[in-house]
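Below is one structure, written out as structure tokens; the observations come after it.
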Amino acid sequence: MQGPTFADVLWGQRGQTADRSLEIATAVQNVLGLETQMHLICAAYPEEQVKLVLTRAYDAGVRKIFCAAWWRVVVDDDA
């Protein structure tokens with residue numbers, strides 16, 4: 001039997017569990033070795049706050065991010 005190969009970690013509603021969500025995503029990726037995606041529902045947040053969250057996730061090694069928003073967020077992978 002084969003185990004999971006991918007994990008999607010939902011960023012808490014209104015960011016209430018944002019730090020914990022990032023901890024979980026990082027642990028799943030680094031300890032369990034699963035490809036991890038952060039799932040952000042960020043339509044109600046200012047662009048600067050979303051950029052901060054995206055930067056923190058990127059710095060933690062998370063490269064797959066699903067960001068549901070009504071405006072476009074661009075992450076420069078060369079930064």
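Residue numbers start at 1 in each chain; chains themselves are named A, B, ... in the order of the structure tokens; ligands are numbered from 1 in the order shown.
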
* To do: Tell me, as JSON, numbers by chain, which residues lie within 9 Å of Gly61 (chain A), counting only C-alpha atoms; anything in the same chain fewer than 4 positions away does not count.
  => {"A": [26, 29, 30, 56, 57]}

Keeping only all heavy atoms, write the selected residues as a PDB file, in the first residue's frame.
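Writing done, so here's part07.pdb:
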```pdb
ATOM      1  N   THR A  26       5.585  23.313   6.808  1.00  0.00           N
ATOM      2  CA  THR A  26       7.031  23.121   6.830  1.00  0.00           C
ATOM      3  C   THR A  26       7.380  21.730   7.360  1.00  0.00           C
ATOM      4  O   THR A  26       8.242  21.046   6.800  1.00  0.00           O
ATOM      5  CB  THR A  26       7.700  24.210   7.686  1.00  0.00           C
ATOM      6  OG1 THR A  26       7.353  25.488   7.150  1.00  0.00           O
ATOM      7  CG2 THR A  26       9.198  24.076   7.697  1.00  0.00           C
ATOM      8  N   GLN A  29       6.514  18.978   4.875  1.00  0.00           N
ATOM      9  CA  GLN A  29       7.469  18.984   3.761  1.00  0.00           C
ATOM     10  C   GLN A  29       8.848  18.484   4.184  1.00  0.00           C
ATOM     11  O   GLN A  29       9.431  17.629   3.520  1.00  0.00           O
ATOM     12  CB  GLN A  29       7.571  20.398   3.204  1.00  0.00           C
ATOM     13  CG  GLN A  29       8.448  20.524   1.984  1.00  0.00           C
ATOM     14  CD  GLN A  29       8.243  21.850   1.327  1.00  0.00           C
ATOM     15  OE1 GLN A  29       7.279  22.023   0.606  1.00  0.00           O
ATOM     16  NE2 GLN A  29       9.126  22.787   1.570  1.00  0.00           N
ATOM     17  N   ASN A  30       9.368  18.992   5.297  1.00  0.00           N
ATOM     18  CA  ASN A  30      10.742  18.692   5.690  1.00  0.00           C
ATOM     19  C   ASN A  30      10.903  17.415   6.497  1.00  0.00           C
ATOM     20  O   ASN A  30      11.919  16.734   6.382  1.00  0.00           O
ATOM     21  CB  ASN A  30      11.335  19.869   6.458  1.00  0.00           C
ATOM     22  CG  ASN A  30      11.421  21.116   5.601  1.00  0.00           C
ATOM     23  OD1 ASN A  30      11.530  21.042   4.386  1.00  0.00           O
ATOM     24  ND2 ASN A  30      11.351  22.267   6.236  1.00  0.00           N
ATOM     25  N   ARG A  56       6.954  34.618   3.734  1.00  0.00           N
ATOM     26  CA  ARG A  56       7.264  33.694   4.836  1.00  0.00           C
ATOM     27  C   ARG A  56       7.186  32.239   4.373  1.00  0.00           C
ATOM     28  O   ARG A  56       8.028  31.421   4.735  1.00  0.00           O
ATOM     29  CB  ARG A  56       6.323  33.930   6.012  1.00  0.00           C
ATOM     30  CG  ARG A  56       6.621  35.232   6.745  1.00  0.00           C
ATOM     31  CD  ARG A  56       5.715  35.434   7.933  1.00  0.00           C
ATOM     32  NE  ARG A  56       5.949  34.382   8.925  1.00  0.00           N
ATOM     33  CZ  ARG A  56       5.012  33.935   9.757  1.00  0.00           C
ATOM     34  NH1 ARG A  56       3.799  34.453   9.726  1.00  0.00           N
ATOM     35  NH2 ARG A  56       5.287  33.004  10.627  1.00  0.00           N
ATOM     36  N   ALA A  57       6.165  31.920   3.581  1.00  0.00           N
ATOM     37  CA  ALA A  57       6.024  30.558   3.067  1.00  0.00           C
ATOM     38  C   ALA A  57       7.198  30.216   2.149  1.00  0.00           C
ATOM     39  O   ALA A  57       7.793  29.135   2.251  1.00  0.00           O
ATOM     40  CB  ALA A  57       4.696  30.403   2.329  1.00  0.00           C
TER      41      ALA A  57
END
```

* Asked: Near Met38 (chain A), within 12 Å and counting only C-alpha atoms, which residues show up once chain neighbours fewer than 4 positions away are dropped, as a PyMOL selection string?
  -> chain A and resi 6-12+18-26+28-29+42+53-54+56-58+60-68

* Separation of CA of Asp59 (chain A) from CA of Glu35 (chain A) in Å ->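 Calculated distance between CA of Glu35 (chain A) and CA of Asp59 (chain A) is 15.6 Å.
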
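Here CA of Pro4 (chain A) stands at a distance of 23.7 Å from CA of Ile41 (chain A).
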
* To do: State, in Å with one decimal place, the distance from CA of Gln2 (chain A) to CA of Leu34 (chain A).
  => 12.7 Å

* To do: Pick out the closest residue to Gly33 (chain A) from this set: A:Thr17, A:Thr5, A:Thr55, A:Glu48. Count only C-alpha atoms.
  =>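 Closest residue, counting only C-alpha atoms: A:Thr5.
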